[in-house]
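Data from model-v8.pdb: PDB, C-alpha atoms and all ligand atoms
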```pdb
ATOM      1  CA  MET A  50       0.000   0.000   0.000
ATOM      2  CA  THR A  51       1.232   3.483  -0.832
ATOM      3  CA  THR A  52       0.875   6.016   1.943
ATOM      4  CA  CYS A  53       0.167   9.729   1.642
ATOM      5  CA  LEU A  54       3.176  12.013   2.061
ATOM      6  CA  CYS A  55       1.117  14.540   4.088
ATOM      7  CA  CYS A  56      -1.148  12.549   6.425
ATOM      8  CA  ASN A  57       0.158   8.953   6.080
ATOM      9  CA  GLY A  58      -3.299   7.878   4.970
ATOM     10  CA  GLU A  59      -3.941   5.345   2.217
ATOM     11  CA  ALA A  60      -3.277   6.595  -1.325
ATOM     12  CA  LYS A  61      -4.682   5.095  -4.520
ATOM     13  CA  HIS A  62      -3.197   5.005  -8.006
ATOM     14  CA  PHE A  63      -5.264   7.160 -10.354
ATOM     15  CA  ALA A  64      -3.122   8.113 -13.390
ATOM     16  CA  ASN A  65       0.211   7.794 -15.176
ATOM     17  CA  PHE A  66       2.389  10.220 -17.050
ATOM     18  CA  GLN A  67       5.483   9.845 -19.181
ATOM     19  CA  ASN A  68       8.593  11.792 -18.221
ATOM     20  CA  LYS A  69      11.911  11.755 -20.101
ATOM     21  CA  ASN A  70      12.883   8.361 -18.706
ATOM     22  CA  ARG A  71       9.884   6.310 -17.683
ATOM     23  CA  VAL A  72       6.148   6.065 -17.004
ATOM     24  CA  VAL A  73       5.492   7.631 -13.590
ATOM     25  CA  ARG A  74       2.524   6.570 -11.473
ATOM     26  CA  ARG A  75       0.381   9.250  -9.779
ATOM     27  CA  PHE A  76      -1.414   8.653  -6.471
ATOM     28  CA  ARG A  77      -4.253  10.395  -4.670
ATOM     29  CA  CYS A  78      -4.820  10.252  -0.902
ATOM     30  CA  VAL A  79      -8.181   8.808   0.087
ATOM     31  CA  ARG A  80      -8.291  10.886   3.287
ATOM     32  CA  CYS A  81      -6.998  14.366   2.363
ATOM     33  CA  GLY A  82      -7.242  14.268  -1.449
ATOM     34  CA  LYS A  83      -3.607  15.364  -2.058
ATOM     35  CA  THR A  84      -2.005  13.977  -5.216
ATOM     36  CA  PHE A  85       1.630  13.015  -5.649
ATOM     37  CA  SER A  86       3.978  10.985  -7.920
ATOM     38  CA  GLU A  87       5.872   7.839  -7.029
ATOM     39  CA  PRO A  88       9.499   8.498  -5.958
ATOM     40  CA  GLN A  89      12.044   8.791  -8.787
ATOM     41  CA  PRO A  90      15.490   7.113  -8.729
ATOM     42  CA  LEU A  91      17.328  10.425  -8.987
ATOM     43  CA  ASP A  92      14.871  12.459  -6.896
ATOM     44  CA  GLY A  93      14.164  15.842  -8.407
ATOM     45  CA  LEU A  94      16.394  15.433 -11.488
ATOM     46  CA  ARG A  95      14.281  15.596 -14.624
ATOM     47  CA  ILE A  96      17.074  14.771 -17.073
ATOM     48  CA  GLU A  97      17.506  11.778 -19.362
ATOM     49  CA  THR A  98      19.405   8.957 -17.636
ATOM     50  CA  SER A  99      21.870   8.844 -20.543
ATOM     51  CA  LYS A 100      22.765  12.522 -19.954
ATOM     52  CA  VAL A 101      23.333  11.891 -16.229
ATOM     53  CA  ASN A 102      25.614   9.002 -17.180
ATOM     54  CA  GLU A 103      27.568  11.242 -19.593
ATOM     55  CA  VAL A 104      27.946  14.026 -17.007
ATOM     56  CA  VAL A 105      29.132  11.618 -14.287
ATOM     57  CA  ARG A 106      31.682  10.050 -16.639
ATOM     58  CA  LEU A 107      33.068  13.454 -17.594
ATOM     59  CA  LEU A 108      33.221  14.688 -13.995
ATOM     60  CA  CYS A 109      35.020  11.518 -12.897
ATOM     61  CA  GLU A 110      37.608  11.876 -15.648
ATOM     62  CA  GLY A 111      38.827  15.266 -14.477
ATOM     63  CA  VAL A 112      36.577  17.561 -16.538
ATOM     64  CA  GLY A 113      35.431  20.691 -14.710
ATOM     65  CA  VAL A 114      31.813  21.765 -14.166
ATOM     66  CA  ARG A 115      31.838  24.520 -16.804
ATOM     67  CA  ALA A 116      33.600  22.335 -19.409
ATOM     68  CA  THR A 117      31.073  19.541 -18.730
ATOM     69  CA  SER A 118      28.301  22.065 -19.264
ATOM     70  CA  ARG A 119      29.816  23.123 -22.618
ATOM     71  CA  LEU A 120      30.461  19.545 -23.773
ATOM     72  CA  THR A 121      27.012  18.213 -22.903
ATOM     73  CA  GLY A 122      24.993  21.325 -23.718
ATOM     74  CA  LEU A 123      23.435  21.342 -20.241
ATOM     75  CA  GLU A 124      23.206  24.396 -17.969
ATOM     76  CA  LYS A 125      25.932  24.784 -15.318
ATOM     77  CA  LYS A 126      23.197  24.659 -12.682
ATOM     78  CA  THR A 127      22.022  21.306 -14.035
ATOM     79  CA  VAL A 128      25.549  19.858 -13.897
ATOM     80  CA  LEU A 129      25.834  21.048 -10.290
ATOM     81  CA  SER A 130      22.505  19.510  -9.368
ATOM     82  CA  ILE A 131      23.737  16.198 -10.828
ATOM     83  CA  VAL A 132      26.895  16.509  -8.674
ATOM     84  CA  GLU A 133      24.694  17.168  -5.655
ATOM     85  CA  THR A 134      22.116  14.419  -6.215
ATOM     86  CA  VAL A 135      24.493  11.667  -7.356
ATOM     87  CA  GLY A 136      27.208  12.689  -4.859
ATOM     88  CA  GLU A 137      24.831  12.516  -1.925
ATOM     89  CA  LYS A 138      23.606   9.093  -3.015
ATOM     90  CA  CYS A 139      27.183   7.892  -3.551
ATOM     91  CA  ALA A 140      28.072   8.868   0.039
ATOM     92  CA  ARG A 141      25.108   6.846   1.348
ATOM     93  CA  PHE A 142      25.929   3.943  -0.928
ATOM     94  CA  HIS A 143      29.554   3.913   0.250
ATOM     95  CA  ASP A 144      28.402   4.050   3.851
ATOM     96  CA  ALA A 145      26.092   1.059   3.343
ATOM     97  CA  THR A 146      28.322  -1.177   1.211
ATOM     98  CA  VAL A 147      31.952  -0.646   2.240
ATOM     99  CA  ARG A 148      31.754  -2.584   5.519
ATOM    100  CA  ASN A 149      33.750  -5.523   6.944
ATOM    101  CA  VAL A 150      36.642  -4.774   4.609
ATOM    102  CA  PRO A 151      39.201  -7.609   4.827
ATOM    103  CA  SER A 152      42.154  -5.249   4.630
ATOM    104  CA  VAL A 153      45.461  -5.799   6.457
ATOM    105  CA  ASN A 154      47.472  -2.763   5.412
ATOM    106  CA  VAL A 155      45.900   0.676   5.626
ATOM    107  CA  GLU A 156      47.476   4.030   4.854
ATOM    108  CA  THR A 157      45.904   7.300   5.968
ATOM    109  CA  ASP A 158      46.644  10.828   4.856
ATOM    110  CA  GLU A 159      44.976  14.158   4.270
ATOM    111  CA  LEU A 160      44.828  16.130   1.051
ATOM    112  CA  TYR A 161      44.819  19.915   0.839
ATOM    113  CA  SER A 162      42.291  21.922  -1.146
ATOM    114  CA  TYR A 163      40.413  25.175  -0.610
ATOM    115  CA  VAL A 164      36.838  26.359  -0.927
ATOM    116  CA  PHE A 165      35.844  29.793  -2.269
ATOM    117  CA  CYS A 166      39.096  31.512  -1.277
ATOM    118  CA  LYS A 167      42.520  30.750   0.155
ATOM    119  CA  GLN A 168      42.747  30.660   3.950
ATOM    120  CA  GLU A 169      44.515  34.063   4.124
ATOM    121  CA  ARG A 170      41.566  35.702   2.347
ATOM    122  CA  ASN A 171      38.988  34.059   4.614
ATOM    123  CA  LYS A 172      38.622  37.258   6.654
ATOM    124  CA  TYR A 173      35.685  36.213   8.843
ATOM    125  CA  ALA A 174      37.115  32.699   9.475
ATOM    126  CA  ASP A 175      34.057  31.072   7.904
ATOM    127  CA  PRO A 176      34.429  27.334   8.703
ATOM    128  CA  GLU A 177      32.988  26.407   5.283
ATOM    129  CA  ARG A 178      35.536  28.511   3.379
ATOM    130  CA  GLY A 179      39.303  28.625   3.077
ATOM    131  CA  GLU A 180      41.483  25.540   3.372
ATOM    132  CA  GLN A 181      39.720  22.191   3.587
ATOM    133  CA  TYR A 182      41.360  18.805   3.934
ATOM    134  CA  THR A 183      40.131  15.505   2.527
ATOM    135  CA  PHE A 184      41.059  12.620   4.815
ATOM    136  CA  LEU A 185      41.511   9.351   2.943
ATOM    137  CA  SER A 186      42.115   5.847   4.287
ATOM    138  CA  PHE A 187      43.175   3.436   1.642
ATOM    139  CA  CYS A 188      43.910  -0.304   1.485
ATOM    140  CA  ARG A 189      47.437  -0.736   0.176
ATOM    141  CA  ASP A 190      46.797  -4.136  -1.483
ATOM    142  CA  SER A 191      43.325  -3.840  -2.995
ATOM    143  CA  LYS A 192      43.535  -0.023  -3.576
ATOM    144  CA  LEU A 193      40.084   0.355  -2.013
ATOM    145  CA  VAL A 194      39.294   3.754  -0.484
ATOM    146  CA  ILE A 195      37.814   2.550   2.797
ATOM    147  CA  SER A 196      36.920   5.842   4.408
ATOM    148  CA  PHE A 197      36.922   9.528   3.466
ATOM    149  CA  TYR A 198      35.979  12.779   5.145
ATOM    150  CA  THR A 199      36.272  16.407   4.056
ATOM    151  CA  GLY A 200      36.561  19.320   6.451
ATOM    152  CA  LYS A 201      39.031  21.442   8.387
ATOM    153  CA  ARG A 202      42.143  19.673   9.666
ATOM    154  CA  SER A 203      40.905  19.653  13.243
ATOM    155  CA  TRP A 204      40.988  17.250  16.170
ATOM    156  CA  GLU A 205      37.239  16.522  15.824
ATOM    157  CA  ASN A 206      37.387  15.790  12.098
ATOM    158  CA  THR A 207      40.442  13.540  12.464
ATOM    159  CA  HIS A 208      38.612  11.586  15.172
ATOM    160  CA  THR A 209      35.434  11.339  13.063
ATOM    161  CA  HIS A 210      37.464   9.958  10.184
ATOM    162  CA  ILE A 211      39.416   7.388  12.222
ATOM    163  CA  HIS A 212      36.260   6.164  14.016
ATOM    164  CA  ASP A 213      34.560   5.762  10.637
ATOM    165  CA  LEU A 214      37.572   3.790   9.372
ATOM    166  CA  LYS A 215      37.449   1.511  12.424
ATOM    167  CA  ASP A 216      33.751   0.733  11.814
ATOM    168  CA  ARG A 217      34.498  -0.442   8.273
ATOM    169  CA  LEU A 218      37.344  -2.872   8.995
ATOM    170  CA  ALA A 219      36.811  -6.612   9.477
ATOM    171  CA  GLY A 220      39.888  -7.424  11.547
ATOM    172  CA  ARG A 221      43.135  -6.160  12.971
ATOM    173  CA  VAL A 222      45.145  -4.023  10.551
ATOM    174  CA  GLN A 223      48.456  -2.269  10.322
ATOM    175  CA  ILE A 224      48.022   1.452   9.750
ATOM    176  CA  SER A 225      50.654   3.909   8.508
ATOM    177  CA  THR A 226      50.399   7.677   8.722
ATOM    178  CA  ASP A 227      52.656  10.680   8.464
ATOM    179  CA  ASN A 228      53.530  12.504  11.673
ATOM    180  CA  TYR A 229      50.470  14.787  11.757
ATOM    181  CA  LYS A 230      49.731  15.410  15.424
ATOM    182  CA  GLY A 231      46.027  14.526  15.098
ATOM    183  CA  TYR A 232      46.849  10.811  14.723
ATOM    184  CA  LYS A 233      49.688  10.183  17.133
ATOM    185  CA  GLY A 234      50.061  10.110  20.896
ATOM    186  CA  LYS A 235      47.613   9.221  23.643
ATOM    187  CA  THR A 236      45.281  12.070  22.728
ATOM    188  CA  GLY A 237      45.546  11.171  19.041
ATOM    189  CA  ALA A 238      42.677   9.742  17.023
ATOM    190  CA  ILE A 239      44.183   6.291  16.448
ATOM    191  CA  TYR A 240      44.864   5.561  20.136
ATOM    192  CA  GLU A 241      41.446   6.890  21.055
ATOM    193  CA  ALA A 242      39.579   4.799  18.439
ATOM    194  CA  PHE A 243      41.493   1.496  18.555
ATOM    195  CA  GLY A 244      42.925   1.530  22.094
ATOM    196  CA  PRO A 245      46.484   0.470  22.975
ATOM    197  CA  ASP A 246      46.190  -3.136  21.658
ATOM    198  CA  GLY A 247      43.636  -2.926  18.860
ATOM    199  CA  ILE A 248      45.962  -2.015  16.026
ATOM    200  CA  ASN A 249      49.533  -2.094  14.720
ATOM    201  CA  TYR A 250      50.360   1.531  14.062
ATOM    202  CA  GLY A 251      53.530   2.863  12.492
ATOM    203  CA  MET A 252      54.419   6.434  11.662
ATOM    204  CA  LEU A 253      56.643   7.672   8.874
ATOM    205  CA  THR A 254      58.377  10.983   9.496
ATOM    206  CA  LYS A 255      59.918  12.647   6.473
ATOM    207  CA  VAL A 256      62.349  15.521   6.809
ATOM    208  CA  TYR A 257      62.741  17.825   3.819
ATOM    209  CA  THR A 258      65.302  20.439   2.868
ATOM    210  CA  LYS A 259      64.292  23.993   3.763
ATOM    211  CA  SER A 260      61.723  25.608   1.467
ATOM    212  CA  ALA A 261      63.036  26.223  -2.033
ATOM    213  CA  LEU A 262      64.307  29.592  -3.253
ATOM    214  CA  PRO A 263      61.583  31.963  -4.502
ATOM    215  CA  GLN A 264      62.620  31.453  -8.139
ATOM    216  CA  ASN A 265      62.275  27.649  -7.667
ATOM    217  CA  ARG A 266      59.004  27.740  -5.753
ATOM    218  CA  PHE A 267      57.417  24.986  -7.853
ATOM    219  CA  CYS A 268      60.335  22.581  -7.375
ATOM    220  CA  GLN A 269      59.770  19.713  -4.972
ATOM    221  CA  PRO A 270      61.789  20.052  -1.740
ATOM    222  CA  VAL A 271      64.220  17.134  -1.353
ATOM    223  CA  CYS A 272      63.520  14.488   1.286
ATOM    224  CA  ILE A 273      66.694  14.077   3.325
ATOM    225  CA  LEU A 274      65.464  11.675   6.008
ATOM    226  CA  ALA A 275      62.591   9.170   6.353
ATOM    227  CA  LYS A 276      62.222   7.753   9.840
ATOM    228  CA  LYS A 277      59.896   4.817  10.612
ATOM    229  CA  THR A 278      58.554   4.736  14.164
ATOM    230  CA  PRO A 279      56.370   1.970  15.657
ATOM    231  CA  VAL A 280      53.685   3.723  17.735
ATOM    232  CA  LEU A 281      51.101   1.124  18.831
ATOM    233  CA  GLY A 282      50.985  -2.697  18.821
ATOM    234  CA  ASN A 283      53.614  -4.556  16.858
ATOM    235  CA  PRO A 284      53.863  -3.081  13.344
ATOM    236  CA  ASP A 285      56.061  -4.628  10.643
ATOM    237  CA  ILE A 286      58.722  -1.947  10.105
ATOM    238  CA  ASP A 287      59.102  -2.810   6.401
ATOM    239  CA  LEU A 288      55.413  -2.143   5.813
ATOM    240  CA  ILE A 289      55.362   1.337   7.381
ATOM    241  CA  CYS A 290      54.881   3.387   4.248
ATOM    242  CA  THR A 291      52.809   6.303   2.982
ATOM    243  CA  SER A 292      53.883   6.187  -0.686
ATOM    244  CA  HIS A 293      50.704   4.462  -1.869
ATOM    245  CA  ILE A 294      48.372   6.968  -0.243
ATOM    246  CA  GLU A 295      50.501   9.830  -1.584
ATOM    247  CA  ARG A 296      50.064   8.334  -5.059
ATOM    248  CA  GLN A 297      46.332   8.044  -4.367
ATOM    249  CA  ASN A 298      46.272  11.745  -3.482
ATOM    250  CA  LEU A 299      47.691  12.387  -6.938
ATOM    251  CA  ASN A 300      44.875  10.286  -8.421
ATOM    252  CA  VAL A 301      42.330  12.467  -6.622
ATOM    253  CA  ARG A 302      43.964  15.520  -8.203
ATOM    254  CA  LEU A 303      44.012  13.848 -11.641
ATOM    255  CA  PHE A 304      40.401  12.668 -11.587
ATOM    256  CA  ASN A 305      38.857  15.753  -9.976
ATOM    257  CA  ARG A 306      39.092  19.131 -11.606
ATOM    258  CA  ARG A 307      38.461  20.921  -8.315
ATOM    259  CA  PHE A 308      41.655  19.429  -6.824
ATOM    260  CA  THR A 309      43.906  20.528  -9.693
ATOM    261  CA  ARG A 310      46.542  22.933  -8.387
ATOM    262  CA  LEU A 311      47.196  26.355  -9.978
ATOM    263  CA  THR A 312      43.937  26.505 -11.920
ATOM    264  CA  LEU A 313      40.541  28.115 -11.422
ATOM    265  CA  GLY A 314      39.005  24.675 -10.884
ATOM    266  CA  TYR A 315      38.531  25.051  -7.138
ATOM    267  CA  SER A 316      35.307  24.477  -5.181
ATOM    268  CA  LYS A 317      33.024  27.388  -4.489
ATOM    269  CA  LYS A 318      30.948  25.511  -1.899
ATOM    270  CA  LEU A 319      32.027  22.968   0.729
ATOM    271  CA  SER A 320      28.957  20.801   0.086
ATOM    272  CA  ASN A 321      29.874  20.483  -3.612
ATOM    273  CA  LEU A 322      33.429  19.504  -2.662
ATOM    274  CA  ARG A 323      32.057  16.780  -0.385
ATOM    275  CA  HIS A 324      29.655  15.492  -3.051
ATOM    276  CA  SER A 325      32.363  15.391  -5.643
ATOM    277  CA  VAL A 326      34.744  13.486  -3.331
ATOM    278  CA  ALA A 327      31.990  10.911  -2.683
ATOM    279  CA  LEU A 328      31.373  10.603  -6.414
ATOM    280  CA  PHE A 329      35.068  10.104  -7.105
ATOM    281  CA  VAL A 330      35.438   7.506  -4.334
ATOM    282  CA  CYS A 331      32.524   5.419  -5.668
ATOM    283  CA  TYR A 332      33.799   5.695  -9.242
ATOM    284  CA  TRP A 333      37.274   4.690  -8.100
ATOM    285  CA  ASN A 334      36.152   1.782  -5.927
ATOM    286  CA  TRP A 335      33.575   0.236  -8.240
ATOM    287  CA  CYS A 336      34.381   1.278 -11.830
ATOM    288  CA  TRP A 337      38.098   1.975 -12.099
ATOM    289  CA  LYS A 338      40.298  -0.965 -13.091
ATOM    290  CA  HIS A 339      43.653  -0.624 -11.420
ATOM    291  CA  ASN A 340      46.732  -1.300 -13.546
ATOM    292  CA  THR A 341      48.496  -3.380 -10.880
ATOM    293  CA  THR A 342      45.635  -5.589  -9.751
ATOM    294  CA  LYS A 343      43.864  -5.638 -13.197
ATOM    295  CA  GLN A 344      40.536  -5.360 -11.414
ATOM    296  CA  THR A 345      38.503  -2.743  -9.582
ATOM    297  CA  PRO A 346      39.291  -2.146  -5.882
ATOM    298  CA  ALA A 347      35.820  -3.454  -4.953
ATOM    299  CA  GLN A 348      36.546  -6.700  -6.832
ATOM    300  CA  ALA A 349      39.950  -7.029  -5.192
ATOM    301  CA  SER A 350      38.275  -6.664  -1.763
ATOM    302  CA  GLY A 351      35.568  -9.210  -2.581
ATOM    303  CA  LEU A 352      32.708  -6.665  -2.488
ATOM    304  CA  THR A 353      31.587  -7.498  -6.038
ATOM    305  CA  ASP A 354      32.463 -10.003  -8.769
ATOM    306  CA  HIS A 355      32.842  -7.717 -11.803
ATOM    307  CA  ALA A 356      33.917  -4.222 -12.833
ATOM    308  CA  TRP A 357      30.876  -1.935 -12.859
ATOM    309  CA  THR A 358      30.000   0.479 -15.618
ATOM    310  CA  VAL A 359      29.067   4.042 -14.626
ATOM    311  CA  GLN A 360      25.437   3.236 -15.471
ATOM    312  CA  GLU A 361      25.495   0.256 -13.089
ATOM    313  CA  LEU A 362      26.906   2.523 -10.373
ATOM    314  CA  ILE A 363      24.199   5.152 -10.917
ATOM    315  CA  ASP A 364      21.499   2.451 -10.848
ATOM    316  CA  ALA A 365      22.932   0.957  -7.640
ATOM    317  CA  VAL A 366      23.225   4.268  -5.785
ATOM    318  CA  SER A 367      19.719   5.366  -6.752
ATOM    319  CA  LYS A 368      17.947   2.243  -5.496
ATOM    320  CA  PRO A 369      15.264   3.209  -2.952
ATOM    321  CA  GLU A 370      16.665   0.928  -0.209
ATOM    322  CA  VAL A 371      20.016   2.789  -0.392
ATOM    323  CA  CYS A 372      18.215   6.160  -0.290
ATOM    324  CA  THR A 373      16.506   5.353   3.013
ATOM    325  CA  ILE A 374      19.674   4.316   4.917
TER     326      ILE A 374
HETATM  327 ZN    ZN B   1      -3.307  12.478   2.870
END
```
Encoded form using structure tokens:
Amino acid sequence: MTTCLCCNGEAKHFANFQNKNRVVRRFRCVRCGKTFSEPQPLDGLRIETSKVNEVVRLLCEGVGVRATSRLTGLEKKTVLSIVETVGEKCARFHDATVRNVPSVNVETDELYSYVFCKQERNKYADPERGEQYTFLSFCRDSKLVISFYTGKRSWENTHTHIHDLKDRLAGRVQISTDNYKGYKGKTGAIYEAFGPDGINYGMLTKVYTKSALPQNRFCQPVCILAKKTPVLGNPDIDLICTSHIERQNLNVRLFNRRFTRLTLGYSKKLSNLRHSVALFVCYWNWCWKHNTTKQTPAQASGLTDHAWTVQELIDAVSKPEVCTI
């Protein structure tokens, strides 16, 4: 039985209409007389499914919002509403499906980006503007992005991210991080989430040469020392490494226009940044075949048995049972 959206009374089917994608059933409430349509897979989006597919594929291959709008002939606003709708659903889908991950080696890092303006220009210290960090936790073997979170690099956000990571793991893991103070020590997020014996935690400290001369400001500083420190449990020293997550950070910059340095492709709103990270993570986990493993990260982790197409991903994230989680 369909229930009324206003009074929860019984509603009866009385008509159909055809939108761009499908025949939509209309209902009328027996009690209050209100009429309404059945829920649509992509909520309020009234665009052909094939166009949504095209936009998502472009956005996940590093094309910016305006360029996507020019290439597809859609309004910029429409592209942004696709980012919003699909991104929100992707975040829910990730939350529901990436659980009990059988990972043994996890690397965690945070990735710099900014919203609306650089931090120095954020005069009123608006928490939704200025620098924003994307925390990523990544399985070194299957390349699965297990957990992600975007926000300021604060104690609370680091803890939120590490707790979320803990909830998604099936067993004991070894985790490697850089020496950011939010992770380490007894007040750090990893000790607080996993306790003293719940994890093998190693930290990699890299020491670089002093900042480059002004004329060489785009040159990489040279790493002169890399020190591996066991912090909690009994980590394998050889496996303390952050190279894979650093490479993954580069993938985020390659696949997302808004993370590309030295361009105008930055985010204007924090919510859009979050949606686009969720979209990227789902695309990466379920659709992207990795060159080393020759399969998608979700396949390598045993979450699915084949590489998904973008259309399969959109269909999966827009299922009603995922929308209600
Ligand atoms: Zn009603």
Dump as JSON lines the rows for residues of range 234-345 of chain A within 8 Å of range 108-132 of chain A: closest atom pair and distance in Å with one decimal, all atoms listed in the file counted, ordered by chain and rising residue number.
```
{"residue": "A:Leu303", "atom": "CA", "partner": "A:Gly111", "partner_atom": "CA", "distance": 6.1}
{"residue": "A:Phe304", "atom": "CA", "partner": "A:Gly111", "partner_atom": "CA", "distance": 4.2}
{"residue": "A:Asn305", "atom": "CA", "partner": "A:Gly111", "partner_atom": "CA", "distance": 4.5}
{"residue": "A:Arg306", "atom": "CA", "partner": "A:Gly111", "partner_atom": "CA", "distance": 4.8}
{"residue": "A:Arg307", "atom": "CA", "partner": "A:Gly113", "partner_atom": "CA", "distance": 7.1}
{"residue": "A:Gly314", "atom": "CA", "partner": "A:Gly113", "partner_atom": "CA", "distance": 6.6}
{"residue": "A:Asn321", "atom": "CA", "partner": "A:Val132", "partner_atom": "CA", "distance": 7.1}
{"residue": "A:His324", "atom": "CA", "partner": "A:Val132", "partner_atom": "CA", "distance": 6.3}
{"residue": "A:Ser325", "atom": "CA", "partner": "A:Val132", "partner_atom": "CA", "distance": 6.4}
{"residue": "A:Leu328", "atom": "CA", "partner": "A:Cys109", "partner_atom": "CA", "distance": 7.5}
{"residue": "A:Phe329", "atom": "CA", "partner": "A:Cys109", "partner_atom": "CA", "distance": 6.0}
{"residue": "A:Tyr332", "atom": "CA", "partner": "A:Cys109", "partner_atom": "CA", "distance": 7.0}
```
Pick out the residues no farther than 7 Å from ligand ZN 1 (chain B), counting only C-alpha atoms and all ligand atoms, and list them as JSON, numbers by chain.
-> {"A": [53, 54, 55, 56, 57, 58, 78, 79, 80, 81, 82, 83]}
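For the atom pair formed by CA of His212 in chain A and CA of Val280 in chain A, the distance is 18.0 Å, given to one decimal.
The two atoms in question, CA of Asn298 in chain A and CA of Phe187 in chain A, are spaced 10.2 Å apart.
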Atomic distance CA of Val164 in chain A - CA of Ser367 in chain A, expressed in Å with one decimal | 27.7 Å
Matched chain/residue IDs from the PyMOL selection byres (((chain A and resi 345) around 10) and not hetatm), as a ChimeraX atom specification | /A:191-193,332-340,342-344,346-357
Counting all atoms listed in the file, figure out which residue out of A:Gln264, A:Thr157, A:Ser316, A:Thr51 gets nearest to Val194 in chain A.
-> A:Thr157
Expansion of the PyMOL selection byres (((chain A and resi 253-258) around 7) and not hetatm) into residues, as a list in words = Thr226, Asp227, Asn228, Gly251, Met252, Lys259, Ser260, Pro270, Val271, Cys272, Ile273, Leu274, Ala275, Lys276, Lys277, Thr278, Ile289 and Cys290 of chain A
Name every residue that the PyMOL selection byres (((chain A and resi 199) around 10) and not hetatm) selects in this structure, writing the answer as a list of chain:residue names with chains first and numbers rising.
->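 After applying the PyMOL selection byres (((chain A and resi 199) around 10) and not hetatm), what remains is A:Glu159, A:Leu160, A:Tyr161, A:Ser162, A:Gln181, A:Tyr182, A:Thr183, A:Phe184, A:Leu185, A:Phe197, A:Tyr198, A:Gly200, A:Lys201, A:Arg202, A:Asn206, A:Thr207, A:His210, A:Leu319, A:Ser320, A:Leu322, A:Arg323, A:His324, A:Val326, A:Ala327.
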Can those selected residues be exported to a file as a PDB file, keeping the file's coordinate frame so that it contains C-alpha atoms?
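Final output, saved to selection-v6.pdb:
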```
ATOM      1  CA  GLU A 159      44.976  14.158   4.270  1.00  0.00           C
ATOM      2  CA  LEU A 160      44.828  16.130   1.051  1.00  0.00           C
ATOM      3  CA  TYR A 161      44.819  19.915   0.839  1.00  0.00           C
ATOM      4  CA  SER A 162      42.291  21.922  -1.146  1.00  0.00           C
ATOM      5  CA  GLN A 181      39.720  22.191   3.587  1.00  0.00           C
ATOM      6  CA  TYR A 182      41.360  18.805   3.934  1.00  0.00           C
ATOM      7  CA  THR A 183      40.131  15.505   2.527  1.00  0.00           C
ATOM      8  CA  PHE A 184      41.059  12.620   4.815  1.00  0.00           C
ATOM      9  CA  LEU A 185      41.511   9.351   2.943  1.00  0.00           C
ATOM     10  CA  PHE A 197      36.922   9.528   3.466  1.00  0.00           C
ATOM     11  CA  TYR A 198      35.979  12.779   5.145  1.00  0.00           C
ATOM     12  CA  GLY A 200      36.561  19.320   6.451  1.00  0.00           C
ATOM     13  CA  LYS A 201      39.031  21.442   8.387  1.00  0.00           C
ATOM     14  CA  ARG A 202      42.143  19.673   9.666  1.00  0.00           C
ATOM     15  CA  ASN A 206      37.387  15.790  12.098  1.00  0.00           C
ATOM     16  CA  THR A 207      40.442  13.540  12.464  1.00  0.00           C
ATOM     17  CA  HIS A 210      37.464   9.958  10.184  1.00  0.00           C
ATOM     18  CA  LEU A 319      32.027  22.968   0.729  1.00  0.00           C
ATOM     19  CA  SER A 320      28.957  20.801   0.086  1.00  0.00           C
ATOM     20  CA  LEU A 322      33.429  19.504  -2.662  1.00  0.00           C
ATOM     21  CA  ARG A 323      32.057  16.780  -0.385  1.00  0.00           C
ATOM     22  CA  HIS A 324      29.655  15.492  -3.051  1.00  0.00           C
ATOM     23  CA  VAL A 326      34.744  13.486  -3.331  1.00  0.00           C
ATOM     24  CA  ALA A 327      31.990  10.911  -2.683  1.00  0.00           C
TER      25      ALA A 327
END
```
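If you measure from each of A:Ile195, A:Cys268, A:Val155, A:Leu91 to Arg217 in chain A using all atoms listed in the file, the closest one turns out to be A:Ile195.
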Which residues, written as a ChimeraX atom specification, have at least one atom at most 10 Å from Val222 in chain A, with only C-alpha atoms counted and residues fewer than 3 positions away on the same chain left out?
-> /A:151-155,188,215,218-219,225,247-250,284
Give me a file of those residues, with C-alpha atoms, as a compact mmCIF listing (two decimals), in the frame of the given file.
```txt
# COMPACT_ATOMS: atom_id res chain seq x y z
CA PRO A 151 39.20 -7.61 4.83
CA SER A 152 42.15 -5.25 4.63
CA VAL A 153 45.46 -5.80 6.46
CA ASN A 154 47.47 -2.76 5.41
CA VAL A 155 45.90 0.68 5.63
CA CYS A 188 43.91 -0.30 1.48
CA LYS A 215 37.45 1.51 12.42
CA LEU A 218 37.34 -2.87 8.99
CA ALA A 219 36.81 -6.61 9.48
CA SER A 225 50.65 3.91 8.51
CA GLY A 247 43.64 -2.93 18.86
CA ILE A 248 45.96 -2.02 16.03
CA ASN A 249 49.53 -2.09 14.72
CA TYR A 250 50.36 1.53 14.06
CA PRO A 284 53.86 -3.08 13.34
```
Within 8 Å of range 139-142 of chain A, counting all atoms listed in the file, which residues show up once you throw out same-chain ones fewer than 2 positions away? Write them as a PyMOL selection string, please.
-> chain A and resi 135-137+144-146+324+327-328+331+365-366+371-372+374
May I ask which of the residues A:Asn149, A:Gln67, A:Ser292, A:Gln360 is the closest one to Val101 in chain A, counting all atoms listed in the file?
->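 Answer, going by the shortest atom-to-atom distance: A:Gln360.
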Specify the axis-aligned box that encloses all atoms of range 99-106 of chain A listed in the file after padding of 5 Å on each side, stating its centre and edge lengths in Å to one decimal as AutoDock Vina command-line options.
```
--center_x 26.8 --center_y 11.4 --center_z -17.4 --size_x 19.8 --size_y 15.2 --size_z 16.3
```
